[in-house]
Each structure stands twice: as C-alpha cells, then as structure tokens.
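Chemist: Structure file final-v7.pdb (PDB, C-alpha atoms) right here:
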```pdb
ATOM      1  CA  MET A1464      -6.720  14.549 -17.560
ATOM      2  CA  ARG A1465      -5.766  16.288 -20.814
ATOM      3  CA  THR A1466      -2.129  16.593 -19.750
ATOM      4  CA  LEU A1467      -1.732  12.872 -19.122
ATOM      5  CA  ALA A1468      -3.346  12.010 -22.434
ATOM      6  CA  ILE A1469      -0.724  14.100 -24.185
ATOM      7  CA  LEU A1470       2.050  12.550 -22.112
ATOM      8  CA  CYS A1471       1.111   9.062 -23.235
ATOM      9  CA  VAL A1472       2.130  10.147 -26.764
ATOM     10  CA  VAL A1473       4.997  12.508 -25.993
ATOM     11  CA  ALA A1474       6.541  11.800 -22.600
ATOM     12  CA  THR A1475      10.206  12.550 -22.936
ATOM     13  CA  ALA A1476      10.436  16.256 -22.177
ATOM     14  CA  LEU A1477       9.028  16.388 -18.653
ATOM     15  CA  SER A1478      11.000  17.480 -15.639
ATOM     16  CA  ALA A1479      10.021  16.733 -12.074
ATOM     17  CA  VAL A1480       7.899  19.024  -9.982
ATOM     18  CA  SER A1481       7.437  17.728  -6.453
ATOM     19  CA  LEU A1482       4.350  18.308  -4.340
ATOM     20  CA  SER A1483       4.794  19.414  -0.743
ATOM     21  CA  THR A1484       3.482  16.713   1.549
ATOM     22  CA  ALA A1485       4.968  17.536   4.914
ATOM     23  CA  GLY A1486       2.478  15.520   6.920
ATOM     24  CA  GLN A1487       2.875  12.266   5.024
ATOM     25  CA  GLU A1488       6.697  12.220   5.297
ATOM     26  CA  ALA A1489       7.072  13.080   8.984
ATOM     27  CA  ARG A1490       8.617  10.431  11.195
ATOM     28  CA  ARG A1491       8.423   7.763   8.520
ATOM     29  CA  SER A1492      11.060   5.120   9.247
ATOM     30  CA  ASP A1493      13.465   3.819   6.643
ATOM     31  CA  ARG A1494      14.486   0.272   6.012
ATOM     32  CA  ARG A1495      17.563  -1.325   4.527
ATOM     33  CA  PRO A1496      16.627  -4.248   2.270
ATOM     34  CA  GLY A1497      17.600  -7.641   3.593
ATOM     35  CA  ALA A1498      18.899 -10.636   1.695
ATOM     36  CA  GLY A1499      17.124 -10.899  -1.637
ATOM     37  CA  GLU A1500      14.993  -7.801  -0.959
ATOM     38  CA  PHE A1501      16.211  -5.088  -3.279
ATOM     39  CA  TRP A1502      14.717  -2.897  -5.928
ATOM     40  CA  LYS A1503      15.518  -3.593  -9.562
ATOM     41  CA  ASP A1504      15.493  -1.554 -12.740
ATOM     42  CA  PRO A1505      13.438  -2.581 -15.805
ATOM     43  CA  ASP A1506      16.347  -4.760 -16.970
ATOM     44  CA  GLY A1507      16.400  -6.674 -13.692
ATOM     45  CA  ASP A1508      19.585  -5.089 -12.367
ATOM     46  CA  PRO A1509      19.749  -3.969  -8.702
ATOM     47  CA  LEU A1510      18.990  -0.320  -7.988
ATOM     48  CA  PRO A1511      21.239   1.672  -5.622
ATOM     49  CA  PHE A1512      18.523   2.634  -3.135
ATOM     50  CA  GLN A1513      18.952   1.519   0.459
ATOM     51  CA  THR A1514      16.053   3.338   2.123
ATOM     52  CA  ASP A1515      12.479   4.362   1.439
ATOM     53  CA  THR A1516      13.557   8.008   1.642
ATOM     54  CA  GLU A1517      15.910   7.530  -1.304
ATOM     55  CA  ILE A1518      13.184   5.848  -3.343
ATOM     56  CA  LEU A1519      10.620   8.545  -2.549
ATOM     57  CA  GLU A1520      13.053  11.281  -3.569
ATOM     58  CA  PHE A1521      13.689   9.526  -6.872
ATOM     59  CA  LEU A1522       9.953   9.106  -7.523
ATOM     60  CA  ARG A1523       9.400  12.811  -6.921
ATOM     61  CA  THR A1524      12.328  14.231  -8.874
ATOM     62  CA  ALA A1525      13.382  11.860 -11.672
ATOM     63  CA  ASP A1526      12.592  12.694 -15.296
ATOM     64  CA  ILE A1527       9.717  10.823 -16.912
ATOM     65  CA  LEU A1528      10.792   8.950 -20.049
ATOM     66  CA  ALA A1529       7.576   7.115 -20.912
ATOM     67  CA  ILE A1530       4.033   6.429 -19.725
ATOM     68  CA  GLU A1531       2.151   3.312 -20.790
ATOM     69  CA  ASP A1532      -1.310   1.917 -20.014
ATOM     70  CA  ILE A1533      -1.631  -1.186 -17.847
ATOM     71  CA  THR A1534      -4.270  -3.656 -18.994
ATOM     72  CA  LEU A1535      -5.050  -4.866 -15.456
ATOM     73  CA  GLY A1536      -7.513  -3.112 -13.169
ATOM     74  CA  VAL A1537     -10.533  -0.873 -13.664
ATOM     75  CA  THR A1538      -9.001   2.396 -12.405
ATOM     76  CA  ASN A1539      -6.723   2.979 -15.418
ATOM     77  CA  PRO A1540      -3.312   2.624 -13.747
ATOM     78  CA  ARG A1541      -0.264   3.294 -15.890
ATOM     79  CA  SER A1542       3.391   2.353 -15.778
ATOM     80  CA  VAL A1543       6.065   5.035 -15.868
ATOM     81  CA  ILE A1544       9.759   4.822 -16.684
ATOM     82  CA  LEU A1545      11.802   7.289 -14.618
ATOM     83  CA  HIS A1546      15.414   8.361 -15.165
ATOM     84  CA  LYS A1547      17.896  10.377 -13.124
ATOM     85  CA  ASP A1548      21.696  10.381 -12.865
ATOM     86  CA  GLY A1549      22.009   7.255 -14.974
ATOM     87  CA  VAL A1550      19.428   5.308 -12.941
ATOM     88  CA  ARG A1551      16.184   4.016 -14.463
ATOM     89  CA  MET A1552      13.225   2.811 -12.442
ATOM     90  CA  LYS A1553       9.664   1.779 -13.187
ATOM     91  CA  ALA A1554       6.718   3.100 -11.164
ATOM     92  CA  ALA A1555       2.945   2.739 -11.110
ATOM     93  CA  LEU A1556       0.996   5.940 -11.811
ATOM     94  CA  ARG A1557      -2.510   6.344 -10.421
ATOM     95  CA  ASP A1558      -4.921   9.259 -10.581
ATOM     96  CA  TYR A1559      -8.393   7.672 -10.469
ATOM     97  CA  ASP A1560     -10.764   9.483  -8.100
ATOM     98  CA  GLU A1561     -14.507   8.835  -8.226
ATOM     99  CA  ILE A1562     -17.393   8.836  -5.762
ATOM    100  CA  PHE A1563     -20.083   6.207  -6.179
ATOM    101  CA  GLU A1564     -23.582   6.310  -4.711
ATOM    102  CA  GLU A1565     -25.365   3.085  -3.748
ATOM    103  CA  VAL A1566     -22.772   0.533  -4.806
ATOM    104  CA  ARG A1567     -22.613  -3.185  -3.942
ATOM    105  CA  LEU A1568     -19.150  -4.836  -3.536
ATOM    106  CA  PRO A1569     -20.863  -7.282  -2.728
ATOM    107  CA  VAL A1570     -21.904  -5.522   0.499
ATOM    108  CA  PHE A1571     -24.105  -2.484  -0.124
ATOM    109  CA  TYR A1572     -22.538   0.951   0.454
ATOM    110  CA  ALA A1573     -24.597   4.123   0.240
ATOM    111  CA  ARG A1574     -21.461   6.073  -0.691
ATOM    112  CA  LEU A1575     -17.987   4.932  -1.687
ATOM    113  CA  ARG A1576     -14.973   6.968  -2.732
ATOM    114  CA  ASP A1577     -12.525   5.095  -4.959
ATOM    115  CA  SER A1578      -9.389   7.244  -4.899
ATOM    116  CA  TYR A1579      -5.689   7.089  -5.639
ATOM    117  CA  VAL A1580      -4.949   9.343  -2.642
ATOM    118  CA  PHE A1581      -5.653   6.524  -0.185
ATOM    119  CA  ASP A1582      -2.458   4.743  -1.217
ATOM    120  CA  ILE A1583      -0.568   7.570   0.487
ATOM    121  CA  ALA A1584      -2.496   7.111   3.727
ATOM    122  CA  ALA A1585      -2.140   3.316   3.664
ATOM    123  CA  TYR A1586       1.616   3.563   3.180
ATOM    124  CA  GLY A1587       1.990   6.131   5.956
ATOM    125  CA  LEU A1588      -0.001   4.081   8.460
ATOM    126  CA  ALA A1589       1.811   0.861   7.558
ATOM    127  CA  ARG A1590       5.168   2.450   8.312
ATOM    128  CA  VAL A1591       3.977   3.730  11.703
ATOM    129  CA  ILE A1592       2.719   0.318  12.824
ATOM    130  CA  GLY A1593       5.820  -1.522  11.676
ATOM    131  CA  LEU A1594       4.664  -3.024   8.369
ATOM    132  CA  ASP A1595       7.179  -2.802   5.528
ATOM    133  CA  ASN A1596       5.127  -4.519   2.825
ATOM    134  CA  ILE A1597       3.706  -1.565   0.899
ATOM    135  CA  PRO A1598       5.965  -0.199  -1.860
ATOM    136  CA  PRO A1599       6.988   3.446  -1.327
ATOM    137  CA  VAL A1600       4.459   5.845  -2.839
ATOM    138  CA  THR A1601       4.302   9.625  -3.085
ATOM    139  CA  PHE A1602       2.319  12.456  -4.613
ATOM    140  CA  ARG A1603       3.689  14.190  -7.673
ATOM    141  CA  ARG A1604       2.495  16.782 -10.170
ATOM    142  CA  ILE A1605       2.711  16.098 -13.900
ATOM    143  CA  GLY A1606       1.779  19.290 -15.664
ATOM    144  CA  ASN A1607      -1.462  20.395 -14.017
ATOM    145  CA  ASP A1608      -2.386  16.931 -12.768
ATOM    146  CA  ARG A1609      -1.723  15.495  -9.329
ATOM    147  CA  VAL A1610      -0.968  11.769  -9.351
ATOM    148  CA  THR A1611       0.731   9.174  -7.193
ATOM    149  CA  LEU A1612       3.841   7.273  -8.208
ATOM    150  CA  GLN A1613       4.578   3.982  -6.470
ATOM    151  CA  ALA A1614       7.756   1.929  -6.732
ATOM    152  CA  TRP A1615       7.361  -1.019  -9.108
ATOM    153  CA  LEU A1616       8.290  -4.443  -7.754
ATOM    154  CA  GLU A1617      10.081  -6.021 -10.702
ATOM    155  CA  GLY A1618       9.843  -9.803 -11.062
ATOM    156  CA  SER A1619       7.030 -10.196  -8.542
ATOM    157  CA  LEU A1620       4.381 -12.912  -8.615
ATOM    158  CA  MET A1621       0.746 -11.831  -8.426
ATOM    159  CA  GLU A1622      -1.316 -13.904  -6.005
ATOM    160  CA  SER A1623      -3.906 -14.565  -8.725
ATOM    161  CA  THR A1624      -1.153 -16.061 -10.906
ATOM    162  CA  ARG A1625       0.153 -18.167  -8.023
ATOM    163  CA  ILE A1626      -3.300 -19.658  -7.505
ATOM    164  CA  ALA A1627      -3.970 -20.186 -11.215
ATOM    165  CA  GLU A1628      -0.654 -21.979 -11.698
ATOM    166  CA  GLY A1629      -0.931 -24.022  -8.513
ATOM    167  CA  ILE A1630       2.321 -22.720  -7.022
ATOM    168  CA  THR A1631       2.733 -23.814  -3.404
ATOM    169  CA  PRO A1632       4.424 -21.470  -0.889
ATOM    170  CA  PRO A1633       7.608 -22.969   0.589
ATOM    171  CA  SER A1634       6.347 -22.247   4.122
ATOM    172  CA  ALA A1635       2.619 -22.615   4.735
ATOM    173  CA  ALA A1636       3.035 -21.242   8.269
ATOM    174  CA  ARG A1637       4.677 -18.006   7.158
ATOM    175  CA  PHE A1638       2.197 -17.605   4.306
ATOM    176  CA  ARG A1639      -0.605 -17.856   6.853
ATOM    177  CA  GLN A1640       1.098 -15.334   9.128
ATOM    178  CA  GLN A1641       1.349 -12.780   6.341
ATOM    179  CA  THR A1642      -2.262 -13.415   5.350
ATOM    180  CA  GLN A1643      -3.434 -12.813   8.917
ATOM    181  CA  ASP A1644      -1.468  -9.563   9.308
ATOM    182  CA  MET A1645      -2.851  -8.415   5.949
ATOM    183  CA  ARG A1646      -6.404  -9.013   7.163
ATOM    184  CA  VAL A1647      -5.681  -7.125  10.378
ATOM    185  CA  PHE A1648      -4.338  -4.174   8.398
ATOM    186  CA  ASP A1649      -7.245  -4.201   5.926
ATOM    187  CA  SER A1650      -9.713  -4.260   8.811
ATOM    188  CA  VAL A1651      -8.081  -1.228  10.411
ATOM    189  CA  ILE A1652      -8.021   0.858   7.218
ATOM    190  CA  GLY A1653     -11.526  -0.187   6.185
ATOM    191  CA  ASN A1654     -10.375  -1.749   2.926
ATOM    192  CA  VAL A1655     -13.289  -3.331   1.073
ATOM    193  CA  ASP A1656     -11.431  -4.538  -2.005
ATOM    194  CA  ARG A1657      -8.521  -6.798  -1.100
ATOM    195  CA  ASN A1658      -8.253  -9.346  -3.866
ATOM    196  CA  THR A1659      -5.694 -11.630  -5.479
ATOM    197  CA  GLY A1660      -4.865  -8.953  -8.045
ATOM    198  CA  ASN A1661      -3.444  -6.517  -5.486
ATOM    199  CA  ILE A1662      -1.215  -8.912  -3.553
ATOM    200  CA  LEU A1663       2.305  -9.296  -4.944
ATOM    201  CA  ILE A1664       4.906 -11.847  -3.817
ATOM    202  CA  ASP A1665       8.649 -11.278  -4.188
ATOM    203  CA  GLY A1666      11.408 -13.853  -4.630
ATOM    204  CA  ASP A1667      11.651 -14.434  -0.878
ATOM    205  CA  TRP A1668       7.895 -14.997  -0.598
ATOM    206  CA  ASN A1669       7.244 -11.687   1.124
ATOM    207  CA  PHE A1670       3.793 -10.169   0.580
ATOM    208  CA  TRP A1671       3.588  -6.689  -0.989
ATOM    209  CA  LEU A1672       0.221  -4.940  -0.812
ATOM    210  CA  ILE A1673      -0.867  -2.441  -3.476
ATOM    211  CA  ASP A1674      -3.997  -0.551  -4.594
ATOM    212  CA  HIS A1675      -5.788   0.731  -1.482
ATOM    213  CA  SER A1676      -8.133   3.026  -3.405
ATOM    214  CA  ARG A1677     -11.242   1.537  -1.794
ATOM    215  CA  ALA A1678     -10.144   1.960   1.799
ATOM    216  CA  PHE A1679     -10.679   4.525   4.564
ATOM    217  CA  LEU A1680     -14.465   4.511   4.367
ATOM    218  CA  ARG A1681     -16.228   6.829   6.779
ATOM    219  CA  ASN A1682     -17.721   4.078   8.882
ATOM    220  CA  ASP A1683     -16.516   1.376  11.273
ATOM    221  CA  ASP A1684     -16.972  -1.483   8.799
ATOM    222  CA  THR A1685     -14.269  -4.129   9.276
ATOM    223  CA  ARG A1686     -15.016  -6.416   6.362
ATOM    224  CA  TYR A1687     -12.262  -8.967   6.960
ATOM    225  CA  LEU A1688     -12.302  -9.037  10.756
ATOM    226  CA  GLU A1689     -14.213 -12.316  11.113
ATOM    227  CA  ARG A1690     -11.369 -14.004   9.212
ATOM    228  CA  VAL A1691      -8.728 -12.696  11.616
ATOM    229  CA  GLN A1692      -7.666 -15.547  13.873
ATOM    230  CA  ALA A1693      -4.080 -14.500  14.641
ATOM    231  CA  CYS A1694      -1.730 -11.506  14.548
ATOM    232  CA  SER A1695       1.973 -10.834  14.923
ATOM    233  CA  ARG A1696       2.987  -9.646  18.389
ATOM    234  CA  GLN A1697       4.721  -6.550  17.055
ATOM    235  CA  LEU A1698       1.770  -5.475  14.927
ATOM    236  CA  PHE A1699      -0.721  -6.010  17.745
ATOM    237  CA  ALA A1700       1.417  -4.012  20.192
ATOM    238  CA  ARG A1701       1.854  -1.127  17.761
ATOM    239  CA  LEU A1702      -1.846  -1.041  16.922
ATOM    240  CA  LYS A1703      -2.844  -0.834  20.565
ATOM    241  CA  ALA A1704      -0.339   1.969  21.182
ATOM    242  CA  LEU A1705      -1.296   3.932  18.059
ATOM    243  CA  THR A1706      -2.406   7.514  18.695
ATOM    244  CA  ALA A1707      -4.325  10.036  16.636
ATOM    245  CA  GLU A1708      -1.313  12.363  16.689
ATOM    246  CA  GLU A1709       0.912   9.714  15.089
ATOM    247  CA  MET A1710      -1.659   9.072  12.396
ATOM    248  CA  VAL A1711      -2.227  12.715  11.531
ATOM    249  CA  ARG A1712       1.516  13.213  11.005
ATOM    250  CA  VAL A1713       1.699  10.568   8.280
ATOM    251  CA  MET A1714      -1.862  10.427   6.909
ATOM    252  CA  SER A1715      -3.069  14.033   6.799
ATOM    253  CA  PRO A1716      -3.101  14.974   4.004
ATOM    254  CA  PRO A1717      -4.883  13.237   2.375
ATOM    255  CA  LEU A1718      -7.086  12.153   5.303
ATOM    256  CA  SER A1719      -9.126  14.557   7.412
ATOM    257  CA  GLN A1720      -9.344  14.428  11.190
ATOM    258  CA  SER A1721     -12.733  12.731  10.795
ATOM    259  CA  ASP A1722     -11.172  10.033   8.604
ATOM    260  CA  VAL A1723      -8.464   9.474  11.218
ATOM    261  CA  ASN A1724     -11.112   9.101  13.916
ATOM    262  CA  TRP A1725     -12.822   6.377  11.863
ATOM    263  CA  VAL A1726      -9.490   4.536  11.573
ATOM    264  CA  LEU A1727      -9.150   4.657  15.360
ATOM    265  CA  ARG A1728     -12.656   3.278  15.818
ATOM    266  CA  ARG A1729     -11.865   0.371  13.523
ATOM    267  CA  ARG A1730      -8.563  -0.126  15.342
ATOM    268  CA  ASP A1731     -10.481  -0.432  18.603
ATOM    269  CA  LYS A1732     -12.767  -3.087  17.085
ATOM    270  CA  VAL A1733      -9.786  -5.040  15.779
ATOM    271  CA  ALA A1734      -7.965  -4.867  19.122
ATOM    272  CA  ALA A1735     -11.088  -5.997  20.988
ATOM    273  CA  HIS A1736     -11.515  -8.906  18.559
ATOM    274  CA  ILE A1737      -7.923 -10.077  19.060
ATOM    275  CA  ASP A1738      -8.167  -9.642  22.831
ATOM    276  CA  ALA A1739     -11.279 -11.847  22.781
ATOM    277  CA  LEU A1740      -9.407 -14.501  20.774
ATOM    278  CA  ILE A1741      -6.575 -14.437  23.319
ATOM    279  CA  ALA A1742      -9.018 -14.814  26.188
ATOM    280  CA  GLU A1743     -10.630 -17.790  24.444
ATOM    281  CA  LYS A1744      -7.609 -19.614  23.020
ATOM    282  CA  GLY A1745      -4.622 -18.287  24.925
ATOM    283  CA  GLU A1746      -1.961 -15.829  23.820
ATOM    284  CA  GLY A1747       0.299 -18.500  22.340
ATOM    285  CA  ALA A1748      -2.431 -19.653  19.969
ATOM    286  CA  VAL A1749      -3.186 -16.153  18.694
ATOM    287  CA  LEU A1750      -0.050 -14.004  18.742
ATOM    288  CA  PHE A1751       2.976 -15.104  16.762
ATOM    289  CA  ASP A1752       6.547 -14.033  16.119
ATOM    290  CA  ASP A1753       7.510 -13.387  12.486
ATOM    291  CA  LEU A1754       9.115 -16.483  10.946
ATOM    292  CA  ARG A1755      11.419 -14.425   8.697
TER     293      ARG A1755
END
```
Represent the structure contained in this file as structure tokens.

Modeler:
Amino acid sequence: MRTLAILCVVATALSAVSLSTAGQEARRSDRRPGAGEFWKDPDGDPLPFQTDTEILEFLRTADILAIEDITLGVTNPRSVILHKDGVRMKAALRDYDEIFEEVRLPVFYARLRDSYVFDIAAYGLARVIGLDNIPPVTFRRIGNDRVTLQAWLEGSLMESTRIAEGITPPSAARFRQQTQDMRVFDSVIGNVDRNTGNILIDGDWNFWLIDHSRAFLRNDDTRYLERVQACSRQLFARLKALTAEEMVRVMSPPLSQSDVNWVLRRRDKVAAHIDALIAEKGEGAVLFDDLR
C-alpha cells in the first residue's frame, strides 16, 4: 500500500482511472431520491445527482483532493474528498483484505476472509432484490492499488450514537421493519459482523448499511436467521424469485460461481424459515408492507 501512504501526504495531483467492472454494473436499477433523501457535499449543500449511475460515475472519475484516516473501525478505512466540474463529494475508501485462520467472532470460524471487495457484491445483490439502503460503491484504481469508494452519507446518525444518546425513533413499527429486513439480508449474504457501528440513519430515519467485509462466507451459516420474525412482502418475493444468473451479473466479480452458490443455499434457508413462520402465524403476522 505504498501508493496510498504517499497519497495521504500529497493527494492533490491524482486523476481518475476507472476499473472495468462489467458484471457488477449490469442491470443495476437507478433510483431518484425522495423527499429528504438526497446526497450532500461536505458543506451540507445538496449534490446534483439523481441516480446511482451518476454517483458511481463521479466516484470513478472525479479527481481526488485529499485522503484522511478515519479513527473508527479496525480495517483502516479512509475518507476521500472528490472534485469534478465544480462538484465536491466525500467518499469512504476501503482496501483491507486479509484471511484469518481459526477466528472466533464469537462463533468459531476455521477460515474467514475480511475483504473490501464484498461491499461491491453486497451492493449489487441489494439492488437486484429491491433494497436501496446501501450507498453506491465501486472499484477504482489509485496508482497501482485497487480500492473501493463508497458514497458518504453526510449528516447521518450512527446506530451506536443513537443508542448511547437514548434517541427514540419516531416510528417504532417502521424501525422494526427495517431491522427485520436487515437481518434477512445479512442472513442471505452470510454477514457475521453486523453491529451498531455499520448502521447509519438519515434524516428521514431510513437505515443505510455499510461495511460488509465479513460477509459471503463459503458456508451456509445464517447467523441472524433465528432473529428474523418478519419480512417485507417485496423483499420476500424477490428473494424467492432470485436466480443464479441475476446474481452473477451483478456480483461476479468479485464473487466466484461457488460463492454465488453459497448465497443461493443461504437464500433457500431464509425462505424456508419465513415460510415456516407464515405457516405457524399466518401471512399477515409475518409479511408487511413498507410504512414509508
């Protein structure tokens, strides 16, 4: 990471070099921000982007003005200030990629890969199954180093801060809905490290999920499945209809076909769990419509 170390001192002369990622971009739907949901620059002013495609293009091609360390986290994330055509935007830079043998989190894993590349796969899958709560993220090269850049949600509230300060959500029902869909998603991707430090909340109390570096394990472990008691109708329908071909288009690279197969196995476990809940409690008690 010699190049990035130099950039942290002198980071004003870089130009963008995009990385070809045809698979991850295919058939990814855009969204137009709704009321109160818009991206802001470091000064808090609204950015002009109306779709994920516009944000991704900016992340890949804008000049890098500065790179700074972030004190949170153990994977050495950094913040980046980008500039292009008079527009400035902040992004999170990640490049941590390590393989651990015999690790306990607190469950024991014989092998665990903790990698920045899994944010790309998580974002791609989320878009396919109708979730719009992961900030746009893309690969990029900085010098000789491959990294990811993810849109920065200015003015967000971290869930750990909300808990520490005793802030109560305005709608307990919607908060619960978002929590349940998050657990469904984490179970499908095999995430073993969802915590209050990687859940962000915007001004409209929408969840935004970041840091999926400890996901996509090569097993059918669904760590959060026992806590899944409900799911949105749309998410459940899209999960059940999900095909390997759809996943490969948006998740490979960085995932292999074997990784995709493990996601499908976990999806099957999640679907069977929700079907069992419906059989026990009734559809109305398990599936819900989004309260937004």

Chemist: Considering all atoms listed in the file, state which residue in the set A:Leu1680, A:Leu1672, A:Val1550, A:Ile1630 is at the smallest distance from Ile1562 of chain A.

Modeler: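 Answer, going by the shortest atom-to-atom distance: A:Leu1680.
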
Chemist: Measuring between all atoms listed in the file, which one of A:Lys1744, A:Asp1656, A:Leu1718, A:Arg1755 shows the shortest distance to Phe1670 of chain A?

Modeler: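 That would be A:Arg1755, the residue with the smallest distance to Phe1670 of chain A.
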
Chemist: Restricting the calculation to all atoms listed in the file: of A:Tyr1586, A:Phe1602, A:Tyr1579, A:Phe1563, which residue gets closest to Leu1522 of chain A?

Modeler: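 Nearest candidate to Leu1522 of chain A out of A:Tyr1586, A:Phe1602, A:Tyr1579, A:Phe1563: A:Phe1602.
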
Chemist: Would you write out, as a PyMOL selection string, every residue that the PyMOL selection byres ((chain A and resi 1573) around 12) captures in this file?

Modeler: chain A and resi 1562-1568+1570-1572+1574-1576+1680-1682

Chemist: Can you measure atom CA of Val1651 of chain A to atom CA of Ala1742 of chain A for me? One decimal in Å is fine.

Modeler: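 Taking atom CA of Val1651 of chain A and atom CA of Ala1742 of chain A, their separation equals 20.8 Å.
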
Chemist: Where does segment 1588-1646 of chain A meet segment 1689-1694 of chain A within 9 Å, residue by residue, with the nearest atom pair and distance in Å to one decimal for each, counting only C-alpha atoms, listed by chain and rising number, as a Markdown table?

Modeler:
```
| residue | atom | partner | partner_atom | distance |
| --- | --- | --- | --- | --- |
| A:Gln1640 | CA | A:Cys1694 | CA | 7.2 |
| A:Gln1641 | CA | A:Cys1694 | CA | 8.9 |
| A:Gln1643 | CA | A:Val1691 | CA | 5.9 |
| A:Asp1644 | CA | A:Cys1694 | CA | 5.6 |
| A:Arg1646 | CA | A:Val1691 | CA | 6.2 |
```

Chemist: What does the structure give for the distance between atom CA of Glu1561 of chain A and atom CA of Leu1528 of chain A, in Å to one decimal?

Modeler: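 Going from atom CA of Glu1561 of chain A over to atom CA of Leu1528 of chain A, I get 27.9 Å.
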
Chemist: If the PyMOL selection byres ((chain A and resi 1593) around 9) were run on this exact file, what residues would it hold? Put them as a list in words.

Modeler: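 Written out, the selection comes to Ser1492, Leu1588, Ala1589, Arg1590, Val1591, Ile1592, Leu1594, Asp1595, Gln1697, Leu1698 and Arg1701 of chain A.
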
Chemist: I want to know what sits within 12 Å of Met1621 of chain A, based on only C-alpha atoms, with residues of the same chain fewer than 6 positions away left out; could you give that as a PyMOL selection string?

Modeler: chain A and resi 1535+1627-1628+1630+1658-1666+1668-1673

Chemist: For Tyr1687 of chain A, which of A:Asn1539, A:Asn1654, A:Thr1611, A:Asn1596 is the closest residue, counting only C-alpha atoms?

Modeler: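 Using only C-alpha atoms, Tyr1687 of chain A sits closest to A:Asn1654.
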
Chemist: Calculated over all atoms listed in the file, which of the candidates A:Asp1667, A:Asp1722, A:Glu1520, A:Asp1674 has the smallest distance to Pro1540 of chain A?

Modeler: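 Under the stated criterion, the closest residue is A:Asp1674.
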
Chemist: Under the rule that only C-alpha atoms are counted, which of A:Pro1599, A:Leu1545, A:Ser1578, A:Asp1608 is the nearest residue to Thr1514 of chain A?

Modeler: A:Pro1599

Chemist: Please, could N, CA and C atoms be added to segment 1629-1641 of chain A and the result written as an mmCIF file, keeping the file's coordinate frame?

Modeler:
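Here's the written file rebuild00.cif:
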```cif
data_model
loop_
_atom_site.group_PDB
_atom_site.id
_atom_site.type_symbol
_atom_site.label_atom_id
_atom_site.label_comp_id
_atom_site.auth_asym_id
_atom_site.auth_seq_id
_atom_site.Cartn_x
_atom_site.Cartn_y
_atom_site.Cartn_z
ATOM 1 N N GLY A 1629 -1.084 -23.009 -9.544
ATOM 2 C CA GLY A 1629 -0.931 -24.022 -8.513
ATOM 3 C C GLY A 1629 0.421 -24.018 -7.831
ATOM 4 N N ILE A 1630 1.013 -22.836 -7.667
ATOM 5 C CA ILE A 1630 2.321 -22.720 -7.022
ATOM 6 C C ILE A 1630 2.143 -22.750 -5.507
ATOM 7 N N THR A 1631 2.855 -23.635 -4.846
ATOM 8 C CA THR A 1631 2.733 -23.814 -3.404
ATOM 9 C C THR A 1631 3.792 -23.003 -2.665
ATOM 10 N N PRO A 1632 3.426 -22.214 -1.667
ATOM 11 C CA PRO A 1632 4.424 -21.470 -0.889
ATOM 12 C C PRO A 1632 5.381 -22.438 -0.193
ATOM 13 N N PRO A 1633 6.650 -22.077 -0.067
ATOM 14 C CA PRO A 1633 7.608 -22.969 0.589
ATOM 15 C C PRO A 1633 7.335 -23.153 2.076
ATOM 16 N N SER A 1634 6.688 -22.161 2.707
ATOM 17 C CA SER A 1634 6.347 -22.247 4.122
ATOM 18 C C SER A 1634 4.883 -21.872 4.303
ATOM 19 N N ALA A 1635 4.050 -22.879 4.550
ATOM 20 C CA ALA A 1635 2.619 -22.615 4.735
ATOM 21 C C ALA A 1635 2.382 -21.773 5.987
ATOM 22 N N ALA A 1636 3.211 -21.978 7.015
ATOM 23 C CA ALA A 1636 3.035 -21.242 8.269
ATOM 24 C C ALA A 1636 3.295 -19.755 8.068
ATOM 25 N N ARG A 1637 4.374 -19.421 7.376
ATOM 26 C CA ARG A 1637 4.677 -18.006 7.158
ATOM 27 C C ARG A 1637 3.674 -17.369 6.206
ATOM 28 N N PHE A 1638 3.224 -18.108 5.223
ATOM 29 C CA PHE A 1638 2.197 -17.605 4.306
ATOM 30 C C PHE A 1638 0.933 -17.255 5.090
ATOM 31 N N ARG A 1639 0.580 -18.116 6.024
ATOM 32 C CA ARG A 1639 -0.605 -17.856 6.853
ATOM 33 C C ARG A 1639 -0.383 -16.632 7.740
ATOM 34 N N GLN A 1640 0.806 -16.498 8.298
ATOM 35 C CA GLN A 1640 1.098 -15.334 9.128
ATOM 36 C C GLN A 1640 0.916 -14.037 8.349
ATOM 37 N N GLN A 1641 1.468 -13.994 7.152
ATOM 38 C CA GLN A 1641 1.349 -12.780 6.341
ATOM 39 C C GLN A 1641 -0.103 -12.510 5.950
#
```
